[in-house]
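The structure file model09.csv is reproduced below (CSV, C-alpha atoms (C1' of nucleotides)).
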```
chain,number,residue,atom,x,y,z
E,1,MET,CA,-50.6,-7.2,16.1
E,2,SER,CA,-47.2,-8.2,14.6
E,3,GLY,CA,-45.9,-8.4,18.1
E,4,LYS,CA,-48.8,-10.5,19.3
E,5,LEU,CA,-48.1,-13.0,16.6
E,6,GLY,CA,-44.9,-14.0,18.4
E,7,VAL,CA,-42.9,-13.9,15.2
E,8,MET,CA,-41.1,-10.8,16.4
E,9,ALA,CA,-38.2,-8.9,14.9
E,10,ILE,CA,-34.8,-9.4,16.5
E,11,SER,CA,-33.4,-6.0,17.1
E,12,ASP,CA,-29.9,-7.0,18.3
E,13,ASP,CA,-27.7,-10.0,18.6
E,14,ASN,CA,-25.8,-9.2,21.7
E,15,THR,CA,-26.2,-12.8,23.0
E,16,GLY,CA,-25.5,-14.6,19.8
E,17,SER,CA,-22.3,-16.6,19.4
E,18,ALA,CA,-21.6,-16.3,15.7
E,19,PRO,CA,-21.9,-13.1,13.6
E,20,CYS,CA,-25.3,-14.3,12.4
E,21,HIS,CA,-27.7,-12.2,10.3
E,22,ARG,CA,-31.0,-13.3,11.6
E,23,ARG,CA,-34.0,-11.8,10.0
E,24,SER,CA,-36.2,-12.8,13.0
E,25,ILE,CA,-36.3,-15.3,15.9
E,26,CYS,CA,-38.6,-17.6,13.9
E,27,GLY,CA,-37.1,-21.0,13.5
E,28,VAL,CA,-38.4,-21.3,9.9
E,29,ALA,CA,-36.7,-18.0,9.0
E,30,CYS,CA,-33.5,-19.0,10.8
E,31,SER,CA,-33.4,-22.4,9.0
E,32,LEU,CA,-34.0,-20.7,5.7
E,33,ASP,CA,-31.1,-18.3,6.4
E,34,LEU,CA,-28.8,-21.4,6.4
E,35,LEU,CA,-30.6,-23.7,4.0
E,36,GLY,CA,-32.8,-21.5,1.9
E,37,ASP,CA,-31.5,-22.0,-1.7
E,38,LYS,CA,-31.7,-24.4,-4.5
E,39,TRP,CA,-28.5,-26.4,-3.7
E,40,THR,CA,-27.7,-26.7,0.0
E,41,LEU,CA,-30.3,-29.3,0.9
E,42,LEU,CA,-29.4,-31.3,-2.2
E,43,VAL,CA,-25.8,-31.6,-0.9
E,44,VAL,CA,-27.2,-32.7,2.5
E,45,ARG,CA,-29.4,-35.2,0.7
E,46,ASP,CA,-26.4,-36.7,-1.1
E,47,LEU,CA,-24.4,-36.9,2.1
E,48,LEU,CA,-27.4,-38.7,3.7
E,49,LEU,CA,-27.4,-41.1,0.8
E,50,GLY,CA,-23.7,-41.9,1.5
E,51,LYS,CA,-21.8,-39.8,-1.0
E,52,ARG,CA,-18.6,-38.7,0.5
E,53,THR,CA,-16.1,-37.0,-1.9
E,54,PHE,CA,-16.3,-33.8,-3.9
E,55,GLY,CA,-16.4,-35.8,-7.1
E,56,GLU,CA,-19.3,-38.0,-5.9
E,57,LEU,CA,-21.3,-34.9,-4.9
E,58,GLN,CA,-20.5,-33.2,-8.1
E,59,ALA,CA,-21.7,-36.3,-10.1
E,60,SER,CA,-25.3,-36.0,-8.9
E,61,PRO,CA,-27.9,-35.8,-11.6
E,62,GLU,CA,-28.7,-32.2,-10.9
E,63,GLY,CA,-25.2,-31.2,-12.0
E,64,ILE,CA,-24.2,-28.7,-9.3
E,65,PRO,CA,-21.5,-26.2,-10.5
E,66,THR,CA,-18.2,-26.9,-8.8
E,67,ASN,CA,-17.9,-23.3,-7.4
E,68,ILE,CA,-21.3,-23.6,-5.8
E,69,LEU,CA,-20.5,-27.0,-4.4
E,70,ALA,CA,-17.3,-25.7,-2.9
E,71,ASP,CA,-19.1,-22.7,-1.4
E,72,ARG,CA,-21.9,-24.8,0.1
E,73,LEU,CA,-19.5,-27.3,1.6
E,74,LYS,CA,-17.7,-24.3,3.2
E,75,ARG,CA,-20.9,-22.8,4.6
E,76,LEU,CA,-22.1,-26.1,5.9
E,77,GLN,CA,-18.9,-26.7,7.7
E,78,ALA,CA,-19.0,-23.2,9.1
E,79,GLU,CA,-22.5,-24.1,10.5
E,80,ASP,CA,-21.3,-27.5,11.9
E,81,ILE,CA,-23.7,-29.3,9.7
E,82,VAL,CA,-20.8,-31.0,7.7
E,83,TYR,CA,-17.3,-31.8,8.7
E,84,LYS,CA,-14.5,-33.1,6.5
E,85,GLU,CA,-12.0,-35.9,7.1
E,86,LEU,CA,-8.6,-36.0,5.5
E,87,TYR,CA,-8.4,-39.6,4.2
E,88,GLN,CA,-5.3,-39.2,2.1
E,89,GLU,CA,-2.1,-37.1,2.2
E,90,ARG,CA,-0.1,-36.6,-1.0
E,91,PRO,CA,-2.3,-35.5,-2.6
E,92,ARG,CA,-4.6,-34.3,0.1
E,93,ARG,CA,-8.1,-35.8,-0.3
E,94,TYR,CA,-11.1,-35.2,1.8
E,95,ARG,CA,-14.3,-37.1,2.7
E,96,TYR,CA,-17.3,-35.1,3.8
E,97,HIS,CA,-19.7,-36.3,6.5
E,98,LEU,CA,-22.8,-35.0,8.2
E,99,SER,CA,-22.6,-34.0,11.8
E,100,ALA,CA,-25.5,-34.9,14.2
E,101,LYS,CA,-26.9,-31.5,13.4
E,102,GLY,CA,-26.7,-32.3,9.7
E,103,ALA,CA,-28.1,-35.8,10.1
E,104,ASP,CA,-31.1,-34.3,11.9
E,105,LEU,CA,-32.1,-32.6,8.6
E,106,GLY,CA,-33.3,-36.1,7.5
E,107,PRO,CA,-36.9,-35.4,8.6
E,108,VAL,CA,-36.9,-32.1,6.7
E,109,LEU,CA,-35.8,-33.9,3.5
E,110,PHE,CA,-38.4,-36.6,4.1
E,111,SER,CA,-41.2,-34.2,4.6
E,112,LEU,CA,-40.2,-32.3,1.4
E,113,LEU,CA,-40.1,-35.7,-0.4
E,114,ARG,CA,-43.5,-36.7,0.8
E,115,TRP,CA,-44.9,-33.4,-0.3
E,116,ALA,CA,-43.3,-33.8,-3.7
E,117,ASN,CA,-44.6,-37.4,-4.1
E,118,LYS,CA,-48.1,-36.2,-3.3
E,119,HIS,CA,-48.2,-33.1,-5.4
E,120,ILE,CA,-45.5,-33.3,-8.1
E,121,PRO,CA,-46.1,-36.1,-10.5
E,122,GLY,CA,-43.2,-38.3,-11.5
E,123,THR,CA,-41.1,-37.9,-8.4
E,124,MET,CA,-39.5,-40.8,-6.6
E,125,SER,CA,-41.3,-42.3,-3.6
E,126,VAL,CA,-40.0,-42.4,-0.1
E,127,ALA,CA,-39.8,-46.2,-0.3
E,128,GLU,CA,-37.6,-46.0,-3.3
E,129,VAL,CA,-35.3,-43.6,-1.6
E,130,GLN,CA,-35.1,-45.6,1.6
E,131,ALA,CA,-34.2,-48.7,-0.4
E,132,MET,CA,-31.5,-46.7,-2.1
E,133,MET,CA,-30.2,-45.5,1.3
E,134,GLU,CA,-30.0,-49.1,2.7
E,135,GLU,CA,-28.3,-50.2,-0.5
E,136,ASN,CA,-25.6,-47.5,-0.1
E,137,ARG,CA,-24.8,-47.7,3.6
E,138,SER,CA,-21.1,-48.1,3.9
Z,1,MET,CA,-23.3,-46.0,-10.0
Z,2,SER,CA,-25.2,-42.8,-10.4
Z,3,GLY,CA,-27.9,-44.7,-12.2
Z,4,LYS,CA,-28.0,-47.3,-9.4
Z,5,LEU,CA,-28.6,-44.6,-6.9
Z,6,GLY,CA,-32.0,-44.0,-8.4
Z,7,VAL,CA,-31.6,-40.3,-8.3
Z,8,MET,CA,-31.4,-40.3,-12.1
Z,9,ALA,CA,-31.2,-37.4,-14.5
Z,10,ILE,CA,-34.3,-36.6,-16.4
Z,11,SER,CA,-33.5,-36.4,-20.1
Z,12,ASP,CA,-36.7,-35.1,-21.5
Z,13,ASP,CA,-40.1,-33.9,-20.3
Z,14,ASN,CA,-42.3,-35.2,-23.0
Z,15,THR,CA,-44.9,-36.5,-20.5
Z,16,GLY,CA,-44.9,-33.4,-18.3
Z,17,SER,CA,-47.9,-31.0,-18.2
Z,18,ALA,CA,-46.3,-27.7,-17.5
Z,19,PRO,CA,-43.1,-26.3,-19.0
Z,20,CYS,CA,-41.2,-27.3,-15.9
Z,21,HIS,CA,-37.4,-27.1,-15.6
Z,22,ARG,CA,-36.7,-30.1,-13.5
Z,23,ARG,CA,-33.2,-30.8,-12.6
Z,24,SER,CA,-34.0,-34.4,-11.9
Z,25,ILE,CA,-36.9,-36.7,-10.8
Z,26,CYS,CA,-35.8,-36.5,-7.2
Z,27,GLY,CA,-38.7,-35.1,-5.1
Z,28,VAL,CA,-36.3,-33.1,-3.0
Z,29,ALA,CA,-34.8,-31.4,-6.1
Z,30,CYS,CA,-38.3,-30.8,-7.5
Z,31,SER,CA,-39.5,-29.3,-4.3
Z,32,LEU,CA,-36.5,-27.0,-4.1
Z,33,ASP,CA,-37.1,-25.9,-7.7
Z,34,LEU,CA,-40.4,-24.4,-6.4
Z,35,LEU,CA,-39.6,-23.5,-2.8
Z,36,GLY,CA,-35.8,-23.3,-2.7
Z,37,ASP,CA,-35.1,-19.7,-1.7
Z,38,LYS,CA,-35.1,-17.5,1.4
Z,39,TRP,CA,-38.6,-16.1,1.1
Z,40,THR,CA,-41.1,-18.5,-0.5
Z,41,LEU,CA,-41.6,-20.7,2.6
Z,42,LEU,CA,-41.9,-17.6,4.8
Z,43,VAL,CA,-44.9,-16.5,2.7
Z,44,VAL,CA,-46.4,-20.0,3.1
Z,45,ARG,CA,-45.7,-19.8,6.9
Z,46,ASP,CA,-47.6,-16.5,7.1
Z,47,LEU,CA,-50.5,-17.8,5.2
Z,48,LEU,CA,-50.6,-20.9,7.5
Z,49,LEU,CA,-50.6,-18.4,10.4
Z,50,GLY,CA,-53.7,-16.8,9.0
Z,51,LYS,CA,-52.3,-13.7,7.3
Z,52,ARG,CA,-54.4,-12.9,4.2
Z,53,THR,CA,-53.6,-9.5,2.6
Z,54,PHE,CA,-50.6,-8.2,0.8
Z,55,GLY,CA,-50.1,-5.7,3.6
Z,56,GLU,CA,-50.3,-8.3,6.4
Z,57,LEU,CA,-47.7,-10.4,4.6
Z,58,GLN,CA,-45.5,-7.4,4.1
Z,59,ALA,CA,-45.7,-6.5,7.7
Z,60,SER,CA,-44.0,-9.7,8.9
Z,61,PRO,CA,-40.9,-9.2,11.0
Z,62,GLU,CA,-38.5,-10.4,8.3
Z,63,GLY,CA,-39.5,-7.4,6.2
Z,64,ILE,CA,-39.9,-8.9,2.8
Z,65,PRO,CA,-39.4,-6.4,-0.1
Z,66,THR,CA,-42.7,-5.7,-1.9
Z,67,ASN,CA,-41.4,-6.7,-5.3
Z,68,ILE,CA,-40.3,-10.0,-3.9
Z,69,LEU,CA,-43.6,-10.6,-2.2
Z,70,ALA,CA,-45.5,-9.8,-5.4
Z,71,ASP,CA,-43.3,-12.1,-7.3
Z,72,ARG,CA,-43.5,-15.0,-4.8
Z,73,LEU,CA,-47.3,-14.7,-4.7
Z,74,LYS,CA,-47.4,-14.8,-8.5
Z,75,ARG,CA,-45.2,-17.9,-8.5
Z,76,LEU,CA,-47.1,-19.7,-5.8
Z,77,GLN,CA,-50.4,-19.0,-7.7
Z,78,ALA,CA,-48.8,-20.4,-10.8
Z,79,GLU,CA,-48.0,-23.6,-8.9
Z,80,ASP,CA,-51.5,-23.8,-7.4
Z,81,ILE,CA,-50.0,-23.5,-3.9
Z,82,VAL,CA,-51.8,-20.2,-3.3
Z,83,TYR,CA,-55.0,-18.7,-4.8
Z,84,LYS,CA,-56.4,-15.2,-4.3
Z,85,GLU,CA,-59.9,-14.2,-3.6
Z,86,LEU,CA,-61.3,-10.8,-4.6
Z,87,TYR,CA,-63.0,-9.5,-1.4
Z,88,GLN,CA,-63.6,-6.0,-2.5
Z,89,GLU,CA,-64.4,-4.3,-5.8
Z,90,ARG,CA,-63.7,-0.5,-6.0
Z,91,PRO,CA,-60.9,-0.6,-5.2
Z,92,ARG,CA,-60.0,-4.1,-6.0
Z,93,ARG,CA,-58.6,-5.9,-3.0
Z,94,TYR,CA,-57.5,-9.5,-2.7
Z,95,ARG,CA,-57.1,-12.0,0.1
Z,96,TYR,CA,-54.6,-14.8,-0.4
Z,97,HIS,CA,-55.2,-18.4,0.7
Z,98,LEU,CA,-53.3,-21.7,0.7
Z,99,SER,CA,-54.7,-24.4,-1.5
Z,100,ALA,CA,-54.7,-28.0,-0.3
Z,101,LYS,CA,-51.3,-28.3,-1.9
Z,102,GLY,CA,-50.1,-25.3,0.0
Z,103,ALA,CA,-51.5,-26.4,3.3
Z,104,ASP,CA,-49.7,-29.7,2.9
Z,105,LEU,CA,-46.5,-27.8,3.3
Z,106,GLY,CA,-47.3,-27.5,7.0
Z,107,PRO,CA,-45.3,-30.6,7.9
Z,108,VAL,CA,-42.3,-29.3,6.0
Z,109,LEU,CA,-42.4,-26.1,8.0
Z,110,PHE,CA,-42.8,-28.0,11.2
Z,111,SER,CA,-39.8,-30.2,10.5
Z,112,LEU,CA,-37.8,-27.1,9.7
Z,113,LEU,CA,-39.0,-25.5,12.9
Z,114,ARG,CA,-38.2,-28.6,15.0
Z,115,TRP,CA,-34.7,-28.7,13.5
Z,116,ALA,CA,-34.2,-25.0,14.3
Z,117,ASN,CA,-35.4,-25.4,17.9
Z,118,LYS,CA,-33.0,-28.2,18.5
Z,119,HIS,CA,-30.0,-26.7,16.7
Z,120,ILE,CA,-30.3,-22.9,16.6
Z,121,PRO,CA,-30.5,-21.3,20.0
Z,122,GLY,CA,-33.1,-18.6,20.6
Z,123,THR,CA,-35.7,-19.8,18.1
Z,124,MET,CA,-39.4,-20.1,18.9
Z,125,SER,CA,-40.7,-23.5,20.0
Z,126,VAL,CA,-43.4,-25.5,18.1
Z,127,ALA,CA,-45.7,-25.1,21.1
Z,128,GLU,CA,-45.4,-21.3,20.9
Z,129,VAL,CA,-46.2,-21.4,17.2
Z,130,GLN,CA,-49.1,-23.7,17.6
Z,131,ALA,CA,-50.5,-21.5,20.3
Z,132,MET,CA,-50.1,-18.6,17.9
Z,133,MET,CA,-51.9,-20.4,15.2
Z,134,GLU,CA,-54.9,-21.2,17.4
Z,135,GLU,CA,-55.0,-17.6,18.5
Z,136,ASN,CA,-55.1,-16.4,14.9
Z,137,ARG,CA,-57.6,-18.8,13.4
Z,138,SER,CA,-60.4,-16.7,11.8
I,1,DC,C1',-58.6,19.8,-2.9
I,2,DT,C1',-55.3,17.5,0.3
I,3,DG,C1',-53.6,14.0,2.4
I,4,DC,C1',-53.9,9.0,3.4
I,5,DT,C1',-54.2,3.7,2.6
I,6,DC,C1',-53.6,-0.3,0.0
I,7,DA,C1',-51.6,-3.1,-3.5
I,8,DC,C1',-48.7,-3.3,-6.2
I,9,DT,C1',-44.9,-1.7,-10.2
I,10,DT,C1',-40.8,0.4,-11.8
I,11,DG,C1',-36.2,1.8,-11.6
I,12,DT,C1',-31.3,1.3,-10.0
I,13,DT,C1',-27.8,-0.6,-7.8
I,14,DA,C1',-25.7,-4.6,-5.3
I,15,DA,C1',-25.0,-9.3,-4.6
I,16,DT,C1',-25.3,-14.0,-6.1
I,17,DT,C1',-25.3,-17.6,-9.6
I,18,DG,C1',-23.8,-20.5,-13.3
I,19,DA,C1',-20.8,-22.1,-17.2
I,20,DA,C1',-16.4,-22.7,-18.4
I,21,DA,C1',-11.7,-22.6,-17.9
I,22,DG,C1',-7.6,-22.8,-15.1
I,23,DT,C1',-4.6,-24.6,-11.1
I,24,DG,C1',-1.8,-27.7,-8.4
I,25,DA,C1',-0.7,-32.1,-6.8
I,26,DC,C1',-0.3,-36.1,-7.9
I,27,DT,C1',-0.5,-41.2,-10.7
I,28,DA,C1',-0.2,-44.3,-14.7
I,29,DG,C1',1.4,-45.4,-19.1
I,30,DA,C1',4.4,-45.1,-23.6
H,1,DT,C1',10.9,-38.3,-19.5
H,2,DC,C1',7.0,-36.9,-21.8
H,3,DT,C1',2.1,-37.1,-22.1
H,4,DA,C1',-2.4,-37.8,-20.5
H,5,DG,C1',-5.6,-38.2,-16.9
H,6,DT,C1',-7.8,-37.7,-12.1
H,7,DC,C1',-9.2,-35.1,-8.1
H,8,DA,C1',-10.4,-31.1,-5.7
H,9,DC,C1',-11.0,-27.2,-6.0
H,10,DT,C1',-10.3,-21.7,-7.6
H,11,DT,C1',-10.9,-18.0,-10.8
H,12,DT,C1',-13.2,-15.4,-14.2
H,13,DC,C1',-17.0,-13.1,-16.0
H,14,DA,C1',-21.6,-12.6,-18.1
H,15,DA,C1',-26.2,-13.1,-16.6
H,16,DT,C1',-29.6,-13.6,-13.3
H,17,DT,C1',-31.7,-12.2,-8.9
H,18,DA,C1',-32.3,-9.5,-4.8
H,19,DA,C1',-32.6,-5.3,-2.2
H,20,DC,C1',-33.8,-0.6,-1.6
H,21,DA,C1',-36.3,3.4,-2.8
H,22,DA,C1',-39.5,5.7,-5.2
H,23,DG,C1',-43.6,5.9,-8.0
H,24,DT,C1',-48.5,4.7,-9.5
H,25,DG,C1',-53.5,4.2,-9.5
H,26,DA,C1',-57.8,3.6,-7.4
H,27,DG,C1',-60.2,4.9,-4.1
H,28,DC,C1',-61.6,7.3,0.8
H,29,DA,C1',-61.9,10.8,4.7
H,30,DG,C1',-61.9,15.5,6.1
```
Here is a file; write its structure as structure tokens.
Amino acid sequence: MSGKLGVMAISDDNTGSAPCHRRSICGVACSLDLLGDKWTLLVVRDLLLGKRTFGELQASPEGIPTNILADRLKRLQAEDIVYKELYQERPRRYRYHLSAKGADLGPVLFSLLRWANKHIPGTMSVAEVQAMMEENRS
Amino acid sequence: MSGKLGVMAISDDNTGSAPCHRRSICGVACSLDLLGDKWTLLVVRDLLLGKRTFGELQASPEGIPTNILADRLKRLQAEDIVYKELYQERPRRYRYHLSAKGADLGPVLFSLLRWANKHIPGTMSVAEVQAMMEENRS
DNA sequence: CTGCTCACTTGTTAATTGAAAGTGACTAGA
DNA sequence: TCTAGTCACTTTCAATTAACAAGTGAGCAG
């Protein structure tokens, strides 16, 4: 019956490229392996909104701890969701950007946002966020 | 500048109904406060796929630990995303169901799945999952 | 009475998180 | 030159959370 469901267990990873720890071949499970925590998608959100530097990301209202931010940026780079650009030598300063893979998370964030708007009172509307995004395009 | 972005910090929760611990009024952040971990959305996925009992949920290929499953079902019920139905006295047995709020997470799961299909090789397609869902409708 | 299922709960240990402080490379001002 | 401040992290460590294994209680089948 569990096999029939198609959400089958993955026994081995002999064909995989990275040393990934997939719990199954289900796309939802694989996505959550990469994005399933309280902070990762907030970092992606901020990058979509045009934030670029460590300091800007840190300054978000949710107040992400700096060690978690550094760790998440590292993980997201390892997954090719984010890349960094050196914009200044002496001292070295970086700007972070979403790759195409990262930018494709936009619809995920919008669906989360739509759900929140419908079911959690007091959350910002999609229209408000889109206005914000236009306002902040560099 | 952070105020201008609209993703503003929430200072107080004097109007809120539940004793919620919102990090901000951003819908993404609020959603992640409820759903942001590796297991919660997998439970929602299984309920969408028609699984109903504790044992069926436990039997998913990802192998959720029973204490985590019990905890997540408790949390999801507290958030009115899931409700349980007593289908048997002596011994008491329950069936779990998604509320309307929970069923509305479908689009979130589909967007995650579409992202995975595009960017994580070897994940199941939306078509496969939809076929599965039809097959398992009670 | 024995073993079995289901739906959990309870330990115990391992890993992760979060708050705060520290580091290194600079820049600007007295 | 000395002091203070910014930026981008890293380190430390207590506290929370997760994972694994085992146990519990209510029944049922032989």
Selected residue, from E:Asp46, E:Glu128, E:Glu62, E:Glu56, that lies nearest to chain H when counting only C-alpha atoms (C1' of nucleotides): E:Glu56
Residue list for chain Z near chain E as a PyMOL selection string, 7 Å, only C-alpha atoms: chain Z and resi 2+5-9+23-33+36-38+42+60-62+101+104-105+107-109+111-113+115-117+119+122-124+132
Wanna dump the region 12-127 of chain E-region 6-20 of chain H contacts at 8 Å for me, each residue with its shortest atom pair and the distance in Å to one decimal, counting all atoms listed in the file, ordered by chain and number, as CSV?
```
residue,atom,partner,partner_atom,distance
E:Phe54,CA,H:DA8,C1',6.7
E:Gly55,CA,H:DC7,C1',7.3
E:Thr66,CA,H:DC9,C1',7.7
E:Asn67,CA,H:DT10,C1',7.8
E:Ala70,CA,H:DC9,C1',7.2
E:Arg93,CA,H:DA8,C1',7.5
```
Neighbour list for Arg92 (chain Z) as a list in words, cut-off 9 Å, only C-alpha atoms (C1' of nucleotides), skip fewer than 6 positions in-chain: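 Residues near the query, excluding close chain neighbours: Leu86 of chain Z; DA7 of chain I; DA26 of chain H.
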Radius query 6 Å about (-35.4, 0.9, -6.0), atoms used: only C-alpha atoms (C1' of nucleotides), as a ChimeraX atom specification: /I:11-12 /H:20-21
Just need the residues of chain I within 9 Å of chain Z, counting only C-alpha atoms (C1' of nucleotides), so spit them out as an mmCIF file with C-alpha atoms (C1' of nucleotides), keeping the file's coordinate frame.
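Dumped to iface16.cif:
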```
data_model
loop_
_atom_site.group_PDB
_atom_site.id
_atom_site.type_symbol
_atom_site.label_atom_id
_atom_site.label_comp_id
_atom_site.auth_asym_id
_atom_site.auth_seq_id
_atom_site.Cartn_x
_atom_site.Cartn_y
_atom_site.Cartn_z
ATOM 1 C "C1'" DC I 6 -53.600 -0.300 0.000
ATOM 2 C "C1'" DA I 7 -51.600 -3.100 -3.500
ATOM 3 C "C1'" DC I 8 -48.700 -3.300 -6.200
ATOM 4 C "C1'" DT I 9 -44.900 -1.700 -10.200
#
```
Residue with smallest distance to chain H - pool E:Leu47, E:Val82, E:Arg75, E:Arg90, counting only C-alpha atoms (C1' of nucleotides):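 The answer is E:Arg90, which sits nearest to chain H.
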Nearest to chain H by atom-to-atom distance, counting only C-alpha atoms (C1' of nucleotides), from Z:Pro65, Z:Arg72, Z:Tyr87, Z:Tyr96: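 Of the candidates, the smallest distance to chain H is held by Z:Pro65.
A straight line drawn from C1' of DG3 (chain I) to C1' of DC28 (chain H) is 10.6 Å long.
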Mind giving me the axis-aligned box for region 5-15 of chain H with 6 Å on every side, centre plus edges in Å to one decimal, as AutoDock Vina command-line options?
```
--center_x -15.9 --center_y -25.4 --center_z -11.9 --size_x 32.6 --size_y 37.6 --size_z 24.4
```
Separation of CA of Asp71 (chain Z) from CA of Ile68 (chain E), in Å and rounded to one decimal: 24.9 Å
Straight-line distance linking CA of Leu76 (chain E) with C1' of DT16 (chain I), stated in Å to one decimal: 17.3 Å
